[in-house]
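Asker: query_29.txt (compact mmCIF, C-alpha atoms) pasted underneath:
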```txt
# COMPACT_ATOMS: atom_id res chain seq x y z
CA MET A 1 22.98 21.48 3.67
CA SER A 2 19.23 20.94 3.26
CA PRO A 3 17.43 18.08 5.02
CA SER A 4 16.77 16.37 1.70
CA GLU A 5 20.49 16.31 0.89
CA SER A 6 21.59 14.91 4.24
CA VAL A 7 18.95 12.20 4.78
CA LYS A 8 17.90 9.45 2.37
CA VAL A 9 14.21 8.53 2.56
CA THR A 10 12.43 5.36 1.47
CA VAL A 11 8.67 5.31 0.95
CA ILE A 12 6.97 1.90 0.99
CA THR A 13 3.48 1.48 -0.49
CA PRO A 14 1.89 -1.95 -0.19
CA THR A 15 -1.09 -2.30 -2.49
CA TYR A 16 -3.81 -4.80 -3.30
CA ASN A 17 -6.54 -4.04 -5.87
CA ARG A 18 -6.35 -0.25 -5.49
CA ALA A 19 -5.94 0.68 -9.17
CA ASP A 20 -8.54 3.43 -8.83
CA LEU A 21 -6.82 5.18 -5.91
CA LEU A 22 -3.17 4.25 -6.38
CA PRO A 23 -2.25 7.03 -8.89
CA GLU A 24 -3.33 9.78 -6.48
CA THR A 25 -1.18 8.31 -3.73
CA ILE A 26 1.88 7.79 -5.94
CA GLU A 27 1.64 11.31 -7.33
CA SER A 28 1.25 12.78 -3.84
CA VAL A 29 4.69 11.34 -3.10
CA LEU A 30 6.42 12.10 -6.39
CA ASP A 31 5.03 15.62 -6.76
CA GLN A 32 7.00 16.70 -3.68
CA ARG A 33 10.18 16.15 -5.72
CA LEU A 34 12.39 14.93 -2.92
CA PRO A 35 15.96 14.49 -4.21
CA GLY A 36 17.25 10.94 -3.82
CA LEU A 37 13.87 9.51 -2.85
CA GLU A 38 13.59 5.73 -2.99
CA TYR A 39 9.96 4.79 -3.64
CA ILE A 40 9.05 1.09 -3.52
CA VAL A 41 5.53 -0.05 -4.41
CA ILE A 42 4.77 -3.70 -3.63
CA ASP A 43 1.85 -5.32 -5.42
CA ASP A 44 0.43 -8.04 -3.17
CA GLY A 45 -1.04 -10.15 -5.94
CA SER A 46 -3.58 -7.65 -7.28
CA THR A 47 -6.16 -8.96 -9.73
CA ASP A 48 -7.30 -5.56 -11.03
CA ASP A 49 -5.50 -3.02 -13.24
CA THR A 50 -2.74 -2.35 -10.68
CA PRO A 51 0.16 -3.81 -12.77
CA ARG A 52 -0.68 -1.55 -15.71
CA ILE A 53 -1.00 1.48 -13.43
CA LEU A 54 2.42 0.81 -11.94
CA LYS A 55 4.05 0.64 -15.37
CA ARG A 56 3.14 4.31 -15.88
CA TYR A 57 5.46 5.22 -13.04
CA ALA A 58 8.29 2.79 -13.81
CA ARG A 59 10.80 5.64 -14.30
CA TRP A 60 10.29 6.96 -10.80
CA ILE A 61 9.45 4.00 -8.59
CA SER A 62 10.76 0.52 -7.84
CA MET A 63 8.12 -2.16 -8.34
CA LEU A 64 7.90 -5.48 -6.55
CA HIS A 65 5.27 -8.13 -7.18
CA HIS A 66 4.43 -11.35 -5.39
CA PRO A 67 1.49 -13.72 -4.93
CA ASN A 68 -0.90 -12.55 -2.24
CA MET A 69 0.69 -12.76 1.22
CA GLY A 70 -1.24 -10.20 3.26
CA GLU A 71 -0.32 -6.73 4.44
CA ALA A 72 2.21 -7.60 7.16
CA ALA A 73 4.36 -9.80 4.91
CA THR A 74 4.12 -7.27 2.09
CA VAL A 75 5.28 -4.42 4.33
CA ASN A 76 8.13 -6.58 5.62
CA ARG A 77 9.32 -7.24 2.08
CA GLY A 78 9.33 -3.53 1.37
CA TRP A 79 11.24 -2.76 4.55
CA ALA A 80 13.81 -5.44 3.75
CA ALA A 81 14.36 -3.93 0.29
CA SER A 82 14.65 -0.36 1.58
CA ARG A 83 17.93 1.54 1.86
CA GLY A 84 16.79 4.83 3.37
CA ASP A 85 17.85 6.38 6.65
CA LEU A 86 14.16 7.16 7.21
CA ILE A 87 11.32 4.86 6.15
CA VAL A 88 7.64 5.74 5.80
CA THR A 89 4.88 3.30 4.91
CA VAL A 90 2.10 4.96 2.90
CA SER A 91 -1.09 2.98 2.32
CA SER A 92 -2.12 2.93 -1.32
CA ASP A 93 -5.34 4.86 -0.67
CA ASP A 94 -3.92 7.46 1.75
CA PRO A 95 -2.09 10.24 -0.16
CA LEU A 96 0.47 12.43 1.58
CA LEU A 97 -0.13 16.15 1.97
CA PRO A 98 2.22 18.82 0.56
CA GLY A 99 5.24 19.57 2.71
CA PHE A 100 5.42 16.08 4.18
CA PHE A 101 9.08 15.49 3.40
CA GLU A 102 10.39 18.96 4.14
CA THR A 103 8.70 19.11 7.54
CA GLY A 104 9.12 15.47 8.49
CA ILE A 105 12.79 15.19 7.58
CA ASP A 106 13.65 18.41 9.36
CA PHE A 107 11.86 17.21 12.49
CA MET A 108 13.68 13.88 12.53
CA ARG A 109 17.03 15.55 11.83
CA THR A 110 16.64 17.89 14.81
CA ARG A 111 15.37 15.12 17.13
CA PRO A 112 17.99 12.36 16.77
CA GLU A 113 16.76 10.52 19.87
CA VAL A 114 13.31 9.92 18.33
CA LEU A 115 12.76 6.52 16.70
CA VAL A 116 9.43 7.45 15.10
CA GLY A 117 7.95 10.83 14.26
CA TYR A 118 4.25 10.90 13.40
CA PRO A 119 2.26 13.89 12.12
CA ASP A 120 -1.28 15.15 12.50
CA TRP A 121 -3.52 14.00 9.66
CA ARG A 122 -6.74 14.48 7.76
CA ILE A 123 -9.61 12.06 7.26
CA ILE A 124 -10.71 12.15 3.62
CA GLY A 125 -13.69 10.60 1.89
CA PRO A 126 -13.96 8.33 -1.16
CA THR A 127 -13.37 11.23 -3.57
CA SER A 128 -10.63 12.77 -1.40
CA GLN A 129 -12.93 15.40 0.07
CA PRO A 130 -11.86 16.55 3.57
CA VAL A 131 -13.97 15.00 6.33
CA ALA A 132 -12.16 15.94 9.55
CA ASP A 133 -8.73 17.02 10.78
CA VAL A 134 -7.12 14.95 13.50
CA GLN A 135 -4.50 16.13 15.96
CA ALA A 136 -2.44 13.14 16.98
CA PRO A 137 -1.84 12.68 20.71
CA GLU A 138 1.54 13.51 22.18
CA PHE A 139 3.44 10.30 22.66
CA ASP A 140 3.09 8.42 25.92
CA TYR A 141 3.79 4.70 25.77
CA ARG A 142 1.70 3.91 28.83
CA ALA A 143 -1.26 5.84 27.42
CA MET A 144 -0.95 4.14 24.03
CA LEU A 145 -0.91 0.70 25.64
CA CYS A 146 -3.65 1.34 28.17
CA SER A 147 -6.01 3.03 25.70
CA HIS A 148 -5.38 0.32 23.09
CA GLU A 149 -4.88 2.98 20.42
CA PRO A 150 -1.77 3.17 18.19
CA PHE A 151 -0.67 6.79 18.52
CA PRO A 152 1.42 6.81 15.30
CA GLY A 153 -1.07 7.14 12.45
CA PRO A 154 -0.62 7.69 8.73
CA GLY A 155 2.64 9.30 7.67
CA ALA A 156 4.80 7.94 10.50
CA LEU A 157 8.54 8.36 9.77
CA MET A 158 10.72 5.60 11.20
CA ARG A 159 14.49 5.44 11.54
CA ARG A 160 16.25 2.49 9.93
CA ARG A 161 17.59 1.37 13.28
CA ALA A 162 14.01 0.67 14.35
CA LEU A 163 14.10 -2.43 12.16
CA GLU A 164 17.25 -3.61 13.91
CA LEU A 165 15.61 -3.07 17.31
CA ALA A 166 12.15 -4.53 16.69
CA GLY A 167 12.44 -6.57 13.50
CA GLY A 168 9.46 -6.46 11.15
CA ARG A 169 5.73 -6.86 11.49
CA ASP A 170 4.40 -10.12 12.89
CA VAL A 171 2.74 -11.96 10.00
CA ARG A 172 0.50 -13.90 12.36
CA TYR A 173 -1.65 -10.80 12.69
CA ARG A 174 -3.98 -9.69 9.94
CA PHE A 175 -5.49 -6.69 11.71
CA VAL A 176 -3.07 -5.48 14.39
CA SER A 177 0.41 -5.99 12.95
CA ASP A 178 1.05 -2.23 12.97
CA PHE A 179 -0.06 -1.82 16.60
CA ASP A 180 2.03 -4.84 17.62
CA PHE A 181 5.06 -3.31 15.92
CA TRP A 182 4.62 0.06 17.67
CA LEU A 183 4.20 -1.67 21.04
CA ARG A 184 7.42 -3.65 20.59
CA LEU A 185 9.40 -0.76 19.14
CA GLY A 186 8.22 1.70 21.79
CA LEU A 187 10.09 -0.28 24.44
CA HIS A 188 13.37 0.62 22.72
CA GLY A 189 13.10 4.40 22.46
CA PRO A 190 10.84 7.44 22.21
CA PHE A 191 8.37 8.42 19.54
CA ALA A 192 7.23 12.03 19.04
CA ARG A 193 4.35 13.90 17.45
CA ILE A 194 5.19 16.15 14.49
CA PRO A 195 2.83 19.09 15.15
CA GLN A 196 1.69 19.64 11.58
CA ARG A 197 -0.94 18.00 9.37
CA LEU A 198 0.99 16.04 6.73
CA ALA A 199 -0.89 12.84 5.88
CA THR A 200 -4.36 11.46 5.20
CA TRP A 201 -6.51 8.46 6.10
CA ARG A 202 -9.26 7.59 3.65
CA SER A 203 -12.67 6.50 4.91
CA HIS A 204 -14.63 4.57 2.31
CA SER A 205 -17.16 1.82 1.95
CA GLU A 206 -14.84 -1.02 0.95
CA ALA A 207 -14.71 -2.68 4.33
CA LEU A 208 -14.17 -6.27 5.23
CA SER A 209 -17.24 -8.44 5.57
CA ARG A 210 -18.77 -8.84 8.99
CA SER A 211 -17.49 -12.39 9.28
CA GLU A 212 -13.91 -11.33 8.47
CA ARG A 213 -13.93 -8.35 10.80
CA GLY A 214 -15.56 -10.29 13.61
CA GLU A 215 -14.06 -13.11 15.56
CA ARG A 216 -10.52 -12.95 14.22
CA MET A 217 -10.21 -9.20 14.60
CA ALA A 218 -11.56 -9.41 18.13
CA MET A 219 -9.19 -12.23 19.02
CA GLU A 220 -6.17 -10.32 17.76
CA GLN A 221 -6.98 -7.31 19.95
CA VAL A 222 -6.40 -9.47 23.03
CA GLN A 223 -3.59 -11.57 21.58
CA VAL A 224 -1.40 -8.59 20.79
CA VAL A 225 -1.49 -7.43 24.41
CA GLU A 226 -0.96 -10.90 25.83
CA ALA A 227 2.04 -11.35 23.52
CA LEU A 228 3.57 -8.10 24.72
CA PHE A 229 3.41 -9.13 28.37
CA ALA A 230 4.75 -12.59 27.54
CA GLN A 231 8.05 -11.09 26.37
CA PRO A 232 11.05 -11.72 28.61
CA ASP A 233 12.96 -8.96 30.39
CA LEU A 234 10.20 -6.38 30.38
CA PRO A 235 10.95 -3.09 32.14
CA SER A 236 9.77 -3.10 35.75
CA TRP A 237 7.12 -0.42 35.15
CA LEU A 238 5.30 -2.44 32.49
CA PRO A 239 3.83 -5.56 34.24
CA PRO A 240 1.63 -3.49 36.61
CA LEU A 241 -0.18 -2.13 33.52
CA ARG A 242 -1.28 -5.58 32.34
CA SER A 243 -4.81 -5.52 33.77
CA VAL A 244 -5.67 -2.10 32.38
CA ALA A 245 -4.14 -2.94 28.98
CA LEU A 246 -6.08 -6.20 28.73
CA SER A 247 -9.25 -4.47 29.89
CA SER A 248 -8.94 -2.03 26.98
CA ALA A 249 -8.15 -4.87 24.58
CA HIS A 250 -11.32 -6.70 25.63
CA TYR A 251 -13.29 -3.48 25.26
CA THR A 252 -12.09 -3.09 21.67
CA ALA A 253 -12.86 -6.75 20.98
CA GLY A 254 -16.36 -6.19 22.32
CA VAL A 255 -16.87 -3.20 20.04
CA VAL A 256 -15.74 -5.26 17.06
CA LEU A 257 -18.26 -8.02 17.80
CA MET A 258 -21.31 -5.94 18.69
CA ASP A 259 -22.81 -6.13 15.20
CA SER A 260 -22.09 -9.75 14.32
CA SER A 261 -21.91 -11.60 17.67
CA PRO A 262 -23.51 -9.58 20.49
CA ALA A 263 -23.41 -12.48 22.95
CA GLU A 264 -19.65 -12.88 22.43
CA ALA A 265 -19.25 -9.11 22.60
CA ARG A 266 -20.88 -9.16 26.04
CA GLN A 267 -18.29 -11.65 27.25
CA HIS A 268 -15.51 -9.31 26.21
CA PHE A 269 -17.18 -6.38 27.96
CA PHE A 270 -17.47 -8.54 31.07
CA GLN A 271 -13.74 -9.22 30.95
CA CYS A 272 -13.12 -5.52 30.37
CA ALA A 273 -15.08 -4.64 33.53
CA ARG A 274 -13.60 -7.47 35.59
CA MET A 275 -9.98 -6.63 34.86
CA ALA A 276 -10.09 -2.85 35.39
CA PRO A 277 -13.45 -1.47 36.58
CA SER A 278 -12.24 2.11 36.90
CA THR A 279 -11.13 2.09 33.26
CA ALA A 280 -14.11 0.14 31.95
CA PHE A 281 -16.70 2.56 33.33
CA SER A 282 -15.01 5.87 32.58
CA GLY A 283 -16.06 8.45 29.96
CA HIS A 284 -17.85 7.43 26.77
CA ARG A 285 -16.34 3.96 27.18
CA GLY A 286 -18.33 3.50 30.39
CA LEU A 287 -21.66 4.16 28.69
CA LEU A 288 -21.11 1.41 26.15
CA THR A 289 -19.74 -1.02 28.73
CA LEU A 290 -22.84 -0.53 30.91
CA ALA A 291 -25.11 -0.93 27.91
CA ALA A 292 -23.35 -4.11 26.81
CA LEU A 293 -23.63 -5.64 30.28
CA LEU A 294 -27.16 -4.56 31.15
CA LEU A 295 -29.19 -4.17 27.97
CA PRO A 296 -30.72 -6.98 25.91
CA THR A 297 -28.42 -8.05 23.09
CA ALA A 298 -31.02 -6.97 20.53
CA ILE A 299 -30.40 -3.30 21.25
CA LEU A 300 -26.63 -3.38 21.54
CA LYS A 301 -26.19 -2.15 17.98
CA PRO A 302 -28.11 1.10 18.67
CA ALA A 303 -26.00 1.53 21.80
CA ARG A 304 -22.89 1.21 19.68
CA GLU A 305 -24.16 3.94 17.37
CA VAL A 306 -24.56 6.24 20.37
CA ARG A 307 -21.01 5.43 21.38
CA ARG A 308 -19.77 6.22 17.87
CA ALA A 309 -21.53 9.57 17.93
CA LEU A 310 -20.01 10.49 21.29
CA ARG A 311 -16.56 9.35 20.22
CA SER A 312 -16.65 11.25 16.94
CA ARG A 313 -17.72 14.40 18.75
CA PHE A 314 -14.69 14.42 21.03
CA TYR A 315 -12.13 12.50 18.95
CA PRO A 316 -12.85 12.15 15.21
CA ALA A 317 -10.00 9.74 14.50
CA PRO A 318 -11.07 6.16 13.75
CA SER A 319 -10.49 3.68 16.53
CA SER A 320 -7.92 0.92 16.06
CA ALA A 321 -10.75 -1.50 15.31
CA GLU A 322 -12.41 0.86 12.83
CA ALA A 323 -9.14 1.58 11.04
CA ALA A 324 -8.48 -2.13 10.66
CA THR A 325 -11.64 -2.62 8.62
CA LYS A 326 -10.05 -0.84 5.66
CA VAL A 327 -8.99 -3.22 2.94
CA ASP A 328 -5.48 -2.67 1.66
CA ARG A 329 -4.63 -6.31 1.56
CA GLY A 330 -5.95 -9.47 0.00
CA PRO A 331 -7.15 -12.73 1.52
CA ARG A 332 -4.22 -14.89 2.52
CA ARG A 333 -3.81 -18.00 0.48
```
Have the structure of the file written as structure tokens, please.
Answerer:
Amino acid sequence: MSPSESVKVTVITPTYNRADLLPETIESVLDQRLPGLEYIVIDDGSTDDTPRILKRYARWISMLHHPNMGEAATVNRGWAASRGDLIVTVSSDDPLLPGFFETGIDFMRTRPEVLVGYPDWRIIGPTSQPVADVQAPEFDYRAMLCSHEPFPGPGALMRRRALELAGGRDVRYRFVSDFDFWLRLGLHGPFARIPQRLATWRSHSEALSRSERGERMAMEQVQVVEALFAQPDLPSWLPPLRSVALSSAHYTAGVVLMDSSPAEARQHFFQCARMAPSTAFSGHRGLLTLAALLLPTAILKPAREVRRALRSRFYPAPSSAEAATKVDRGPRR
């Protein structure tokens, strides 16, 4: 029996005003011709040509529409409607690569203990040109928490029982609902890297305005970690990691604010250094932390550019803060 015959898969694509990119993503899923595939596309109140685009694919997909609610609520609606044994959420501008289902399903079938399998992936540009290939890190919950980086990236395959264990995404978060979900779910069972490039992440210019990706995004970086440690009945190994995890959260918040609010960014870097000095001043992170604490605020932006260059040299994947600036959601109403 082939993997496609023994496992039912649901793909969820939340979309908001992506009429120009949506067909490529839908076709990247359908062209793999997975038998029994359930494909649900949820339009989060788009005001562009998205409804007409979706009608083209009405024979092959299930379409849901609602007034704009934001990404987290839209994903939750898709998950609630899904019936698959495995569920994958595919952003409407991030097409899958060939072989995704064959490789991913086989991996999850042979690793029944794994709650989430996540592949390596490719960064693509506005016209889908390859930019860089990213090897995802092997899963380590402590490392994910303490680095403040969600290890599952695009193309993560999740078992249905994950929803029973962790519920859905927290709609209070606009920017970190995926990271919050992985942090909560990771306490219930293992994730694992699928060692093959199967998905994409599109880098393009349609980013949130500086005001939108400033204070609120920074605040959520810290809130998501504080919420994790506020949960009851945490495993005994987790509370000792609180200082390092919060240090990394403040570091990310500082990076987010360096362009728009350098004085507030400095306060986050101070908290980063205060809570875990050995973490704050290590590697390329240490260079930016020192610059933020010692240099005049007027030259913090150039310091950030140096940090970006160093980071991209050694790890081309976008940071959690950078990834969150992509718009695949509308303003909440």
Asker: Using Å and a single decimal, report how far atom CA of A:Met63 sits from atom CA of A:Leu198.
Answerer: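 One can read the atom CA of A:Leu198 to atom CA of A:Met63 distance as 24.7 Å.
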Asker: How many Å lie between atom CA of A:Leu228 and atom CA of A:Leu185, rounded to one decimal?
Answerer: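 Computing it gives 10.9 Å between the two atoms.
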Asker: Expressed in Å to a single decimal, how great is the separation between atom CA of A:Val176 and atom CA of A:Met217?
Answerer: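 We find that atom CA of A:Val176 and atom CA of A:Met217 lie 8.1 Å from each other.
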Asker: Extract, using all atoms listed in the file, all DNA, RNA and protein residues at most 8 Å from A:His66, discarding same-chain residues fewer than 3 positions from it, and format them as a ChimeraX atom specification.
Answerer: /A:42-45,69
Asker: Okay, now the selection with C-alpha atoms, as a tab-separated table (two decimals), in the coordinates of the input?
Answerer:
```tsv
chain	number	residue	atom	x	y	z
A	42	ILE	CA	4.77	-3.70	-3.63
A	43	ASP	CA	1.85	-5.32	-5.42
A	44	ASP	CA	0.43	-8.04	-3.17
A	45	GLY	CA	-1.04	-10.15	-5.94
A	69	MET	CA	0.69	-12.76	1.22
```
Asker: Kindly indicate which residue among A:Ala218, A:Phe100, A:Arg109, A:Pro262 lies nearest to A:Ser6, using only C-alpha atoms for the distances.
Answerer: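 Counting only C-alpha atoms, the residue closest to A:Ser6 is A:Arg109.
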Asker: Please determine, counting only C-alpha atoms, which residue among A:Leu96, A:Val9, A:Ala265, A:Val225 has the shortest atom-to-atom distance to A:Pro239.
Answerer: A:Val225
Asker: Enumerate, in order of chain and increasing residue number, the residues of stretch 189-238 of chain A with an atom no farther than 10 Å from stretch 85-95 of chain A, each with its shortest atom pair and distance in Å to one decimal, counting all atoms listed in the file, as CSV.
Answerer:
```
residue,atom,partner,partner_atom,distance
A:Leu198,CA,A:Pro95,CA,9.5
A:Ala199,CA,A:Pro95,CA,6.7
A:Thr200,CA,A:Asp94,CA,5.3
A:Trp201,CA,A:Asp94,CA,5.2
A:Arg202,CA,A:Asp94,CA,5.7
A:Ser203,CA,A:Asp94,CA,9.4
A:His204,CA,A:Asp93,CA,9.8
```
Asker: What's around stretch 245-257 of chain A at 8 Å? Count only C-alpha atoms, leave out sequence neighbours fewer than 6 positions away in its own chain, and write the answer as a count of residues only.
Answerer: 31
Asker: With all atoms listed in the file as the basis for distance, which of A:Pro235, A:Ala72, A:Leu157, A:Val131 is at the shortest distance from A:Ile105?
Answerer: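 When distances to A:Ile105 are compared using all atoms listed in the file, the smallest one comes from A:Leu157.
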Asker: Write out as an mmCIF file with C-alpha atoms, keeping the file's coordinate frame which residues come within 10 Å of stretch 14-18 of chain A when counting only C-alpha atoms, dropping same-chain ones fewer than 4 positions away.
Answerer:
```cif
data_model
loop_
_atom_site.group_PDB
_atom_site.id
_atom_site.type_symbol
_atom_site.label_atom_id
_atom_site.label_comp_id
_atom_site.auth_asym_id
_atom_site.auth_seq_id
_atom_site.Cartn_x
_atom_site.Cartn_y
_atom_site.Cartn_z
ATOM 1 C CA LEU A 22 -3.170 4.250 -6.380
ATOM 2 C CA PRO A 23 -2.250 7.030 -8.890
ATOM 3 C CA ILE A 40 9.050 1.090 -3.520
ATOM 4 C CA VAL A 41 5.530 -0.050 -4.410
ATOM 5 C CA ILE A 42 4.770 -3.700 -3.630
ATOM 6 C CA ASP A 43 1.850 -5.320 -5.420
ATOM 7 C CA ASP A 44 0.430 -8.040 -3.170
ATOM 8 C CA GLY A 45 -1.040 -10.150 -5.940
ATOM 9 C CA SER A 46 -3.580 -7.650 -7.280
ATOM 10 C CA THR A 47 -6.160 -8.960 -9.730
ATOM 11 C CA ASP A 48 -7.300 -5.560 -11.030
ATOM 12 C CA ASP A 49 -5.500 -3.020 -13.240
ATOM 13 C CA THR A 50 -2.740 -2.350 -10.680
ATOM 14 C CA PRO A 51 0.160 -3.810 -12.770
ATOM 15 C CA ILE A 53 -1.000 1.480 -13.430
ATOM 16 C CA LEU A 64 7.900 -5.480 -6.550
ATOM 17 C CA HIS A 65 5.270 -8.130 -7.180
ATOM 18 C CA ASN A 68 -0.900 -12.550 -2.240
ATOM 19 C CA GLY A 70 -1.240 -10.200 3.260
ATOM 20 C CA GLU A 71 -0.320 -6.730 4.440
ATOM 21 C CA ALA A 72 2.210 -7.600 7.160
ATOM 22 C CA ALA A 73 4.360 -9.800 4.910
ATOM 23 C CA THR A 74 4.120 -7.270 2.090
ATOM 24 C CA VAL A 75 5.280 -4.420 4.330
ATOM 25 C CA ASN A 76 8.130 -6.580 5.620
ATOM 26 C CA ARG A 77 9.320 -7.240 2.080
ATOM 27 C CA GLY A 78 9.330 -3.530 1.370
ATOM 28 C CA THR A 89 4.880 3.300 4.910
ATOM 29 C CA VAL A 90 2.100 4.960 2.900
ATOM 30 C CA SER A 91 -1.090 2.980 2.320
ATOM 31 C CA SER A 92 -2.120 2.930 -1.320
ATOM 32 C CA ASP A 93 -5.340 4.860 -0.670
ATOM 33 C CA VAL A 327 -8.990 -3.220 2.940
ATOM 34 C CA ASP A 328 -5.480 -2.670 1.660
ATOM 35 C CA ARG A 329 -4.630 -6.310 1.560
ATOM 36 C CA GLY A 330 -5.950 -9.470 0.000
ATOM 37 C CA PRO A 331 -7.150 -12.730 1.520
#
```
Asker: Residues within 10 Å of stretch 180-182 of chain A, please, as a compact mmCIF listing (two decimals) with C-alpha atoms, in the coordinates of the input. Count only C-alpha atoms; anything in the same chain fewer than 4 positions from it doesn't count.
Answerer:
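Writing done, so here's around.txt:
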```
# COMPACT_ATOMS: atom_id res chain seq x y z
CA VAL A 116 9.43 7.45 15.10
CA TYR A 141 3.79 4.70 25.77
CA MET A 144 -0.95 4.14 24.03
CA LEU A 145 -0.91 0.70 25.64
CA PRO A 150 -1.77 3.17 18.19
CA PHE A 151 -0.67 6.79 18.52
CA PRO A 152 1.42 6.81 15.30
CA ALA A 162 14.01 0.67 14.35
CA LEU A 163 14.10 -2.43 12.16
CA ALA A 166 12.15 -4.53 16.69
CA GLY A 167 12.44 -6.57 13.50
CA GLY A 168 9.46 -6.46 11.15
CA ARG A 169 5.73 -6.86 11.49
CA ASP A 170 4.40 -10.12 12.89
CA TYR A 173 -1.65 -10.80 12.69
CA PHE A 175 -5.49 -6.69 11.71
CA VAL A 176 -3.07 -5.48 14.39
CA GLY A 186 8.22 1.70 21.79
CA LEU A 187 10.09 -0.28 24.44
CA PHE A 191 8.37 8.42 19.54
CA GLU A 220 -6.17 -10.32 17.76
CA GLN A 221 -6.98 -7.31 19.95
CA GLN A 223 -3.59 -11.57 21.58
CA VAL A 224 -1.40 -8.59 20.79
CA VAL A 225 -1.49 -7.43 24.41
CA ALA A 227 2.04 -11.35 23.52
CA LEU A 228 3.57 -8.10 24.72
```
